[in-house]
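Reproduced below: target-v2.csv, with CSV, C-alpha atoms.
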chain,number,residue,atom,x,y,z
A,1,MET,CA,5.1,465.2,148.9
A,2,SER,CA,5.4,463.1,145.7
A,3,GLY,CA,6.0,466.1,143.4
A,4,LYS,CA,4.5,466.7,140.0
A,5,LYS,CA,4.0,463.6,137.8
A,6,PRO,CA,6.6,463.8,135.0
A,7,GLU,CA,6.0,463.2,131.4
A,8,LEU,CA,7.2,459.8,130.1
A,9,LEU,CA,9.0,460.5,126.8
A,10,ALA,CA,9.7,457.6,124.4
A,11,PRO,CA,11.8,457.2,121.3
A,12,ALA,CA,10.2,456.7,117.9
A,13,GLY,CA,12.4,456.0,115.0
A,14,SER,CA,9.5,455.4,112.6
A,15,LEU,CA,5.8,455.9,112.3
A,16,PRO,CA,4.9,452.3,113.5
A,17,LEU,CA,7.2,452.7,116.5
A,18,LEU,CA,5.5,456.0,117.4
A,19,LYS,CA,2.2,454.1,117.6
A,20,TYR,CA,3.7,451.4,119.8
A,21,ALA,CA,5.2,453.9,122.2
A,22,ILE,CA,1.9,455.7,122.7
A,23,ALA,CA,0.0,452.4,123.0
A,24,TYR,CA,2.3,451.2,125.8
A,25,GLY,CA,2.0,454.4,127.8
A,26,ALA,CA,4.2,457.2,126.6
A,27,ASP,CA,2.9,460.7,127.2
A,28,ALA,CA,5.1,462.0,124.4
A,29,VAL,CA,7.5,460.8,121.7
A,30,TYR,CA,10.5,462.3,120.0
A,31,VAL,CA,11.1,461.7,116.4
A,32,GLY,CA,13.5,462.8,113.6
A,33,GLY,CA,12.8,464.0,110.1
A,34,LYS,CA,14.8,463.1,107.1
A,35,SER,CA,17.2,466.0,107.8
A,36,TYR,CA,18.8,467.7,110.9
A,37,SER,CA,18.4,464.7,113.2
A,38,MET,CA,21.2,463.1,115.2
A,39,ARG,CA,19.9,459.6,114.4
A,40,GLY,CA,20.5,459.6,110.7
A,41,ALA,CA,20.4,455.8,110.5
A,42,ALA,CA,16.9,455.6,111.9
A,43,LYS,CA,14.1,455.3,109.4
A,44,ASN,CA,12.9,458.7,110.5
A,45,PHE,CA,9.8,460.6,109.2
A,46,THR,CA,8.7,462.0,105.9
A,47,SER,CA,6.4,465.0,106.1
A,48,GLU,CA,3.5,462.8,105.3
A,49,GLU,CA,4.4,460.3,108.1
A,50,LEU,CA,5.0,463.1,110.5
A,51,SER,CA,1.5,464.5,109.8
A,52,GLU,CA,0.0,461.1,110.4
A,53,GLY,CA,2.0,460.6,113.6
A,54,LEU,CA,0.9,464.0,114.9
A,55,ALA,CA,-2.7,463.2,114.2
A,56,PHE,CA,-2.4,459.8,115.9
A,57,ALA,CA,-0.7,461.3,119.0
A,58,HIS,CA,-2.9,464.4,119.3
A,59,ALA,CA,-6.1,462.3,119.0
A,60,ARG,CA,-5.0,460.5,122.1
A,61,GLY,CA,-3.8,463.6,124.0
A,62,LYS,CA,-0.1,462.9,123.5
A,63,LYS,CA,2.7,465.1,122.1
A,64,VAL,CA,5.4,464.8,119.4
A,65,TYR,CA,8.7,466.5,119.6
A,66,VAL,CA,10.9,466.7,116.5
A,67,ALA,CA,14.7,466.4,116.9
A,68,ALA,CA,16.8,468.8,114.8
A,69,ASN,CA,19.8,468.6,117.0
A,70,ILE,CA,22.7,468.4,114.6
A,71,VAL,CA,25.6,470.8,114.8
A,72,ALA,CA,24.7,472.7,111.6
A,73,LYS,CA,27.0,473.9,108.9
A,74,ASN,CA,26.6,477.2,106.9
A,75,GLU,CA,25.0,475.4,103.9
A,76,GLU,CA,22.3,473.9,106.1
A,77,LEU,CA,21.0,477.2,107.5
A,78,ASP,CA,18.8,478.4,104.7
A,79,ALA,CA,16.8,475.1,104.3
A,80,PHE,CA,16.2,475.0,108.1
A,81,SER,CA,14.0,478.1,107.9
A,82,ALA,CA,11.5,476.3,105.6
A,83,TYR,CA,11.8,473.1,107.6
A,84,VAL,CA,10.9,474.7,110.9
A,85,ARG,CA,8.0,476.6,109.4
A,86,GLU,CA,6.8,473.2,108.1
A,87,LEU,CA,7.0,471.7,111.5
A,88,ALA,CA,5.0,474.5,113.0
A,89,ALA,CA,2.4,474.2,110.2
A,90,LEU,CA,2.0,470.5,110.8
A,91,GLY,CA,1.4,471.0,114.5
A,92,ALA,CA,4.6,469.6,116.0
A,93,ASP,CA,4.6,470.2,119.8
A,94,ALA,CA,8.3,471.3,119.9
A,95,VAL,CA,11.5,471.2,118.0
A,96,ILE,CA,14.7,469.9,119.7
A,97,VAL,CA,17.9,471.8,118.9
A,98,SER,CA,21.4,472.1,120.2
A,99,ASP,CA,22.8,474.6,117.7
A,100,PRO,CA,22.3,478.3,118.7
A,101,GLY,CA,22.0,479.3,115.1
A,102,LEU,CA,19.2,476.8,114.5
A,103,PHE,CA,17.6,478.0,117.8
A,104,ALA,CA,17.6,481.6,116.5
A,105,ILE,CA,16.1,480.5,113.2
A,106,ALA,CA,13.4,478.5,115.0
A,107,ARG,CA,12.4,481.5,117.2
A,108,GLU,CA,12.4,483.9,114.2
A,109,GLU,CA,10.6,481.7,111.7
A,110,ALA,CA,8.2,479.8,114.0
A,111,PRO,CA,7.7,481.9,117.1
A,112,GLY,CA,4.7,479.8,118.2
A,113,LEU,CA,6.6,476.5,118.2
A,114,ASP,CA,8.2,475.5,121.5
A,115,VAL,CA,11.9,474.9,121.4
A,116,HIS,CA,13.7,472.3,123.6
A,117,ILE,CA,17.4,472.5,124.1
A,118,SER,CA,19.1,469.2,123.3
A,119,THR,CA,21.4,467.3,125.6
A,120,GLN,CA,24.1,467.9,123.0
A,121,ALA,CA,24.1,471.6,124.1
A,122,GLY,CA,25.6,470.4,127.4
A,123,VAL,CA,23.4,472.2,129.9
A,124,ALA,CA,25.1,471.4,133.2
A,125,ASN,CA,24.3,474.3,135.5
A,126,TRP,CA,21.4,476.5,136.4
A,127,ARG,CA,22.8,479.7,134.9
A,128,THR,CA,22.9,478.0,131.5
A,129,ALA,CA,19.3,476.8,132.0
A,130,GLN,CA,18.3,480.4,132.8
A,131,PHE,CA,20.2,481.7,129.8
A,132,TRP,CA,18.3,479.5,127.4
A,133,ARG,CA,15.0,480.3,129.2
A,134,ARG,CA,15.5,484.0,128.8
A,135,LEU,CA,16.1,483.5,125.0
A,136,GLY,CA,12.7,481.7,124.8
A,137,ALA,CA,13.4,478.0,125.3
A,138,ALA,CA,10.5,476.1,126.8
A,139,ARG,CA,12.6,473.1,128.0
A,140,VAL,CA,16.2,472.2,128.7
A,141,ILE,CA,17.4,468.6,128.3
A,142,LEU,CA,20.2,468.3,130.7
A,143,ALA,CA,23.6,466.8,130.1
A,144,ARG,CA,23.8,463.2,131.1
A,145,GLU,CA,26.9,463.7,133.3
A,146,LEU,CA,25.0,465.2,136.2
A,147,SER,CA,24.3,463.9,139.7
A,148,MET,CA,20.8,463.9,141.2
A,149,GLY,CA,21.7,466.8,143.4
A,150,GLN,CA,22.9,468.9,140.5
A,151,VAL,CA,19.7,468.1,138.5
A,152,ALA,CA,17.6,469.2,141.5
A,153,GLU,CA,19.5,472.4,141.9
A,154,ILE,CA,19.0,473.3,138.2
A,155,ALA,CA,15.3,472.5,138.4
A,156,ALA,CA,15.0,474.7,141.5
A,157,HIS,CA,16.6,477.7,139.7
A,158,THR,CA,14.6,477.8,136.4
A,159,ASP,CA,11.0,477.9,135.3
A,160,ALA,CA,11.9,476.1,132.1
A,161,GLU,CA,10.8,472.5,131.9
A,162,VAL,CA,13.7,470.1,132.8
A,163,GLU,CA,14.1,466.9,130.9
A,164,VAL,CA,16.5,464.1,131.8
A,165,PHE,CA,17.5,460.7,130.4
A,166,VAL,CA,16.6,457.7,132.5
A,167,HIS,CA,17.2,454.7,130.2
A,168,GLY,CA,19.3,453.6,127.3
A,169,ALA,CA,22.7,453.9,125.7
A,170,MET,CA,25.4,456.3,127.1
A,171,CYS,CA,28.0,458.0,125.1
A,172,VAL,CA,31.6,458.0,126.2
A,173,SER,CA,32.0,461.7,125.0
A,174,PHE,CA,30.5,464.6,127.0
A,175,SER,CA,26.8,465.0,126.0
A,176,GLY,CA,27.4,463.2,122.8
A,177,ARG,CA,29.9,465.7,121.4
A,178,CYS,CA,32.4,463.3,119.7
A,179,LEU,CA,34.8,463.4,116.8
A,180,ILE,CA,36.2,459.8,117.0
A,181,SER,CA,33.8,458.7,114.3
A,182,ASN,CA,34.8,461.5,112.0
A,183,TYR,CA,38.5,460.6,112.3
A,184,LEU,CA,38.2,456.8,112.1
A,185,ALA,CA,35.3,456.3,109.8
A,186,GLY,CA,34.7,459.6,108.0
A,187,ARG,CA,31.2,459.6,109.5
A,188,ASP,CA,30.1,462.8,111.3
A,189,ALA,CA,28.6,461.9,114.7
A,190,ASN,CA,27.3,465.5,115.0
A,191,HIS,CA,25.3,465.0,111.9
A,192,GLY,CA,23.6,461.7,112.9
A,193,ALA,CA,26.1,459.4,111.2
A,194,CYS,CA,28.1,458.0,114.1
A,195,ALA,CA,29.8,454.7,113.4
A,196,GLN,CA,30.1,454.0,117.2
A,197,PRO,CA,33.9,453.6,117.3
A,198,CYS,CA,33.6,453.7,121.1
A,199,ARG,CA,32.2,450.2,120.8
A,200,TRP,CA,35.2,448.8,118.8
A,201,ASN,CA,37.9,446.5,120.0
A,202,TYR,CA,41.2,448.2,120.0
A,203,VAL,CA,44.8,446.9,119.8
A,204,LEU,CA,48.3,448.4,119.6
A,205,MET,CA,50.7,447.9,116.7
A,206,GLU,CA,54.4,448.8,117.1
A,207,GLU,CA,55.6,450.7,114.0
A,208,LYS,CA,58.5,448.3,113.2
A,209,ARG,CA,56.3,445.2,113.5
A,210,PRO,CA,53.4,445.9,111.0
A,211,GLY,CA,50.6,443.4,111.2
A,212,GLU,CA,51.6,442.3,114.7
A,213,TYR,CA,48.7,443.3,116.9
A,214,LEU,CA,49.2,443.6,120.6
A,215,PRO,CA,46.1,443.5,122.8
A,216,VAL,CA,45.3,446.5,124.9
A,217,MET,CA,44.6,445.3,128.4
A,218,GLU,CA,43.3,447.3,131.4
A,219,ASP,CA,43.6,445.3,134.6
A,220,GLY,CA,43.1,442.2,132.6
A,221,ARG,CA,39.5,443.1,131.8
A,222,GLY,CA,39.8,443.5,128.0
A,223,THR,CA,40.2,445.9,125.2
A,224,PHE,CA,36.9,447.8,124.8
A,225,LEU,CA,38.3,451.0,126.4
A,226,TYR,CA,35.4,453.4,125.6
A,227,ASN,CA,32.4,451.0,125.8
A,228,SER,CA,29.9,452.5,128.3
A,229,ARG,CA,27.2,450.6,130.1
A,230,ASP,CA,23.6,451.4,129.5
A,231,MET,CA,21.6,453.6,131.9
A,232,CYS,CA,18.7,452.2,133.8
A,233,MET,CA,16.8,454.3,136.4
A,234,ILE,CA,13.6,452.3,136.8
A,235,SER,CA,14.2,451.6,140.5
A,236,HIS,CA,14.7,455.3,141.2
A,237,ILE,CA,11.5,456.9,140.2
A,238,PRO,CA,10.9,458.7,143.5
A,239,ALA,CA,14.3,460.4,143.5
A,240,LEU,CA,13.8,461.6,139.9
A,241,VAL,CA,10.4,463.0,140.8
A,242,GLN,CA,11.6,464.7,143.9
A,243,ALA,CA,14.4,466.3,142.0
A,244,GLY,CA,11.7,468.3,140.2
A,245,VAL,CA,12.2,467.1,136.6
A,246,SER,CA,9.4,467.5,134.1
A,247,SER,CA,10.2,464.7,131.7
A,248,LEU,CA,11.8,461.3,131.9
A,249,LYS,CA,13.4,460.4,128.6
A,250,ILE,CA,14.1,456.9,127.2
A,251,GLU,CA,16.9,456.6,124.6
A,252,GLY,CA,16.5,454.4,121.6
A,253,ARG,CA,15.3,455.7,118.2
A,254,MET,CA,17.2,452.8,116.6
A,255,LYS,CA,15.4,450.1,118.6
A,256,ASN,CA,12.5,447.8,117.5
A,257,GLU,CA,8.9,447.2,118.7
A,258,LEU,CA,10.0,444.9,121.5
A,259,TYR,CA,12.4,447.4,123.0
A,260,VAL,CA,9.9,450.3,122.9
A,261,ALA,CA,6.9,448.2,124.2
A,262,THR,CA,8.9,446.6,127.0
A,263,VAL,CA,10.8,449.6,128.3
A,264,VAL,CA,8.0,452.1,127.9
A,265,GLY,CA,5.5,449.7,129.5
A,266,ALA,CA,7.7,449.0,132.5
A,267,TYR,CA,8.4,452.7,133.2
A,268,ARG,CA,4.7,453.5,132.7
A,269,ARG,CA,3.7,451.0,135.4
A,270,GLU,CA,6.4,452.1,137.8
A,271,ILE,CA,5.5,455.8,137.5
A,272,ASP,CA,1.8,455.1,137.9
A,273,ARG,CA,2.5,452.8,140.9
A,274,TYR,CA,4.5,455.5,142.6
A,275,PHE,CA,1.9,458.2,142.2
A,276,ALA,CA,-0.9,455.9,143.3
A,277,ASP,CA,0.8,455.4,146.7
A,278,PRO,CA,4.0,457.6,147.2
A,279,ASP,CA,4.4,456.7,150.9
A,280,GLY,CA,4.0,453.0,150.4
A,281,TYR,CA,5.9,452.7,147.1
A,282,VAL,CA,8.8,450.2,146.7
A,283,PRO,CA,10.3,449.3,143.3
A,284,ASP,CA,8.7,446.3,141.7
A,285,PRO,CA,11.3,443.6,141.0
A,286,ALA,CA,9.2,442.3,138.2
A,287,MET,CA,9.7,445.6,136.3
A,288,GLU,CA,13.4,445.5,137.0
A,289,ALA,CA,13.4,442.1,135.5
A,290,GLU,CA,11.3,443.3,132.6
A,291,VAL,CA,13.8,445.8,131.3
A,292,GLN,CA,16.4,443.1,131.4
A,293,LYS,CA,14.5,441.3,128.6
A,294,VAL,CA,15.4,443.8,125.9
A,295,SER,CA,18.6,444.1,123.9
A,296,HIS,CA,21.0,446.1,126.2
A,297,ARG,CA,24.4,446.3,127.6
A,298,PRO,CA,24.9,445.8,131.3
A,299,TYR,CA,23.0,448.5,133.2
A,300,TYR,CA,24.1,451.1,135.7
A,301,THR,CA,22.7,454.4,137.0
A,302,GLY,CA,24.9,456.8,135.0
A,303,PHE,CA,26.2,459.7,137.0
A,304,TYR,CA,23.1,460.2,139.2
A,305,PHE,CA,24.6,458.7,142.3
A,306,GLY,CA,28.2,459.7,141.6
A,307,ASN,CA,30.8,458.8,138.9
A,308,ALA,CA,30.8,455.1,138.5
A,309,GLY,CA,34.4,455.2,137.1
A,310,ALA,CA,35.6,451.9,135.8
A,311,ASP,CA,32.3,450.3,136.8
A,312,GLY,CA,30.5,452.4,134.3
A,313,GLN,CA,32.4,450.7,131.4
A,314,VAL,CA,32.3,447.2,129.8
A,315,TYR,CA,35.8,446.2,129.1
A,316,GLY,CA,35.3,442.7,127.9
A,317,SER,CA,32.9,443.1,125.0
A,318,SER,CA,30.7,445.6,123.2
A,319,SER,CA,28.1,442.9,122.5
A,320,TYR,CA,24.5,443.4,123.6
A,321,LEU,CA,22.8,441.1,126.0
A,322,ARG,CA,19.8,439.7,124.1
A,323,PRO,CA,18.0,437.2,126.3
A,324,TYR,CA,14.7,437.6,124.4
A,325,GLU,CA,13.8,438.3,120.8
A,326,ILE,CA,10.6,439.5,119.2
A,327,ALA,CA,8.8,436.5,117.7
A,328,ALA,CA,5.8,438.2,116.1
A,329,VAL,CA,3.4,441.1,116.3
A,330,VAL,CA,-0.4,440.8,116.5
A,331,LYS,CA,-2.0,442.3,113.4
A,332,ARG,CA,-5.6,441.3,114.2
A,333,TYR,CA,-7.4,439.5,117.0
A,334,ASP,CA,-10.9,437.9,116.7
A,335,ALA,CA,-12.6,437.9,120.1
A,336,GLY,CA,-15.1,435.4,118.9
A,337,THR,CA,-12.6,432.7,118.1
A,338,GLY,CA,-9.7,433.8,120.2
A,339,ILE,CA,-7.5,433.6,117.1
A,340,ALA,CA,-4.8,436.1,116.5
A,341,VAL,CA,-3.3,436.8,113.1
A,342,LEU,CA,0.4,437.3,113.6
A,343,GLU,CA,3.2,438.8,111.5
A,344,GLN,CA,6.4,436.8,112.2
A,345,ARG,CA,9.7,438.6,113.1
A,346,ASN,CA,11.9,435.7,114.2
A,347,ARG,CA,11.4,432.0,113.9
A,348,PHE,CA,9.2,430.2,116.5
A,349,PHE,CA,7.9,426.7,116.6
A,350,GLU,CA,4.9,424.6,117.5
A,351,GLY,CA,5.4,423.6,121.2
A,352,ASP,CA,7.3,426.8,122.1
A,353,THR,CA,6.4,428.9,125.1
A,354,VAL,CA,6.3,432.6,124.4
A,355,GLU,CA,5.4,435.7,126.4
A,356,VAL,CA,2.7,437.9,125.1
A,357,LEU,CA,2.9,441.7,125.8
A,358,ASP,CA,-0.4,443.6,125.6
A,359,PRO,CA,-0.8,447.3,126.2
A,360,GLY,CA,-3.8,446.7,128.5
A,361,ALA,CA,-3.3,443.3,130.0
A,362,GLY,CA,0.4,443.3,130.7
A,363,VAL,CA,2.4,440.1,130.1
A,364,PHE,CA,1.3,436.5,130.1
A,365,CYS,CA,2.8,433.2,129.0
A,366,GLN,CA,1.4,431.4,126.0
A,367,LYS,CA,2.0,427.8,124.7
A,368,VAL,CA,2.2,427.7,120.9
A,369,THR,CA,-0.2,425.0,120.0
A,370,GLY,CA,-2.3,424.7,116.8
A,371,LEU,CA,-0.1,427.0,114.8
A,372,CYS,CA,-1.5,427.6,111.3
A,373,ASP,CA,-0.6,429.5,108.2
A,374,ALA,CA,-2.7,432.3,106.8
A,375,ASP,CA,-5.1,429.9,105.1
A,376,GLY,CA,-5.6,427.8,108.3
A,377,ASN,CA,-3.3,424.9,107.4
A,378,PRO,CA,-1.4,423.4,110.3
A,379,ILE,CA,2.3,424.2,110.3
A,380,ASP,CA,5.2,423.3,112.6
A,381,ALA,CA,6.9,426.6,112.6
A,382,ALA,CA,6.8,430.3,111.5
A,383,ARG,CA,10.0,430.3,109.6
A,384,HIS,CA,9.9,433.2,107.0
A,385,ALA,CA,10.3,436.9,107.6
A,386,GLN,CA,7.0,438.7,108.0
A,387,MET,CA,5.1,435.4,107.4
A,388,ALA,CA,1.4,435.6,108.3
A,389,VAL,CA,0.3,432.9,110.8
A,390,ARG,CA,-2.7,432.2,113.0
A,391,LEU,CA,-2.6,431.2,116.6
A,392,ARG,CA,-5.3,430.8,119.2
A,393,LEU,CA,-4.4,432.8,122.4
A,394,ASP,CA,-5.4,431.9,125.9
A,395,ARG,CA,-6.4,435.5,126.7
A,396,PRO,CA,-7.8,438.4,124.6
A,397,VAL,CA,-5.3,440.9,123.4
A,398,GLY,CA,-5.6,444.4,121.9
A,399,GLU,CA,-3.9,446.2,119.0
A,400,TYR,CA,-0.1,446.4,119.3
A,401,ALA,CA,0.3,443.1,121.3
A,402,ILE,CA,3.7,441.4,120.8
A,403,LEU,CA,5.0,437.9,121.2
A,404,ARG,CA,8.5,437.5,122.5
A,405,ARG,CA,10.6,434.4,122.8
A,406,ARG,CA,13.6,433.5,125.0
A,407,ARG,CA,16.6,433.1,122.7
A,408,GLU,CA,18.3,429.7,122.8
A,409,ASP,CA,21.6,431.4,123.5
A,410,GLY,CA,20.0,434.0,125.9
Translate the structure of the given file into structure tokens.
Amino acid sequence: MSGKKPELLAPAGSLPLLKYAIAYGADAVYVGGKSYSMRGAAKNFTSEELSEGLAFAHARGKKVYVAANIVAKNEELDAFSAYVRELAALGADAVIVSDPGLFAIAREEAPGLDVHISTQAGVANWRTAQFWRRLGAARVILARELSMGQVAEIAAHTDAEVEVFVHGAMCVSFSGRCLISNYLAGRDANHGACAQPCRWNYVLMEEKRPGEYLPVMEDGRGTFLYNSRDMCMISHIPALVQAGVSSLKIEGRMKNELYVATVVGAYRREIDRYFADPDGYVPDPAMEAEVQKVSHRPYYTGFYFGNAGADGQVYGSSSYLRPYEIAAVVKRYDAGTGIAVLEQRNRFFEGDTVEVLDPGAGVFCQKVTGLCDADGNPIDAARHAQMAVRLRLDRPVGEYAILRRRREDG
């Protein structure tokens, strides 16, 4: 048996990214408002943008969950009552919380609004999942430190929906509960302002030798002691499905269009391929290669198949691997002429070969020839940020198509 088809849940740090995520195959997206979100540096949503995003998603049969997963302080409680009532009135499909106080307010003030328990709550056993379910939670988002067997046992012991992370950045602290940023940068990670000090390069300084920095070495591998790899589970869709999870979550509300389109599109295709032929399914190497093309740290499988130990860390550098960059997004396409109007994101040149991502057609290569400015005048490059250019494409594309280009240093 293949099990029930899980929801593919995508990040959306802004209204345009919500639309890209849904166009590339997400069943649901999770977003943050201007308050109460653990991704305070994302653009996030005003009430008007959230209303538009909900309308866009619901018209296509998709869902929108709103993250309000901070660890709340006393002074934040009163305003949350009005906020959660607003979310319910706008038609949000669920609110995501980690704080029991905010959970209680959500149940009291908006009893018809589903509540999902955030990974920050650290749900790591089935009794805790049952506890939240008895209080009225519709879904539990499990701690990322669990094995596949532990996930399956939790799913078997609760009728709450079970959501797990399958792709993206990992936190060195348990379920994201970290105070390093507070101490070193004065920025509260539990209020969405993490400075990511786990990615910093650390040295030692002996008190009688001020200014003399001594490198911190661990088996000669470097000084980035807390720097985790990124999770990638695209080759393990069958195991996740058979574990009984309801939702597969991609991390990345701080990411751009290229990341959302590439990763969501790849997981969409793999999930659909598995359910089309569970017995004959084998992971597609092309999709494994596809997710390598976004900005990421070296991948691993988290804790699903045991604790990776030192192999789960990147000791030499906290830099991202960036083999490709977004060159442009398609704003309009004329099927009669085959000409696309593009909005430039990074420089590209006449004669370049780019890859075109299309929500319907997948990926194809395109030679940049006959590049013109917005008025139809030939140009040798798209050099300026958000510059409008015209390019005839070899194949038709739909809305939300993207051009990506291999970086010269990639």
- Query: Could you work out how far CA of Arg139 (chain A) lies from CA of Ala110 (chain A), giving the answer in Å with one decimal?
  - Reply: 16.1 Å
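Reported to one decimal place, the separation of CA of Asn346 (chain A) from CA of Ala385 (chain A) is 6.9 Å.
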- Message: as a PyMOL selection string, please: the residues near Val356 (chain A) (cut-off 7 Å, all atoms listed in the file, same-chain neighbours under 4 positions excluded).
- Response: chain A and resi 363-366+401-404
- Residue neighbourhood region 297-306 of chain A, 9 Å, all atoms listed in the file, exclusion window fewer than 2 positions, as a ChimeraX atom specification: /A:144-151,166-170,228-233,292,295,308-309,311-314,318-322
- Extract, using all atoms listed in the file, all DNA, RNA and protein residues at most 10 Å from Tyr83 (chain A), discarding same-chain residues fewer than 6 positions from it, and format them as a PyMOL selection string. chain A and resi 33+35-36+47+68+89+106+109-110
- Message: At a cut-off of 12 Å around the point (22.6, 477.2, 116.8) (file coordinates), what residues fall inside when counting only C-alpha atoms? I'd like the answer as an NGL selection string.
- Response: :A and (36 or 68-74 or 76-77 or 80 or 96-107 or 115 or 117-118 or 120-121 or 132)
- Item | Atomic separation - CA of Thr262 (chain A) relative to CA of Glu290 (chain A), Å | 6.9 Å
- Message: Please list as an MDAnalysis selection string every residue within 8 Å of region 370-375 of chain A, counting only C-alpha atoms and excluding residues in the same chain fewer than 2 positions away.
- Response: chainID A and resid 341 350 368 377:381 388:392
- Query: From the list A:His236, A:Lys19, A:Lys331, A:Arg134, which residue is nearest Asp284 (chain A) when using only C-alpha atoms?
  - Reply: A:His236
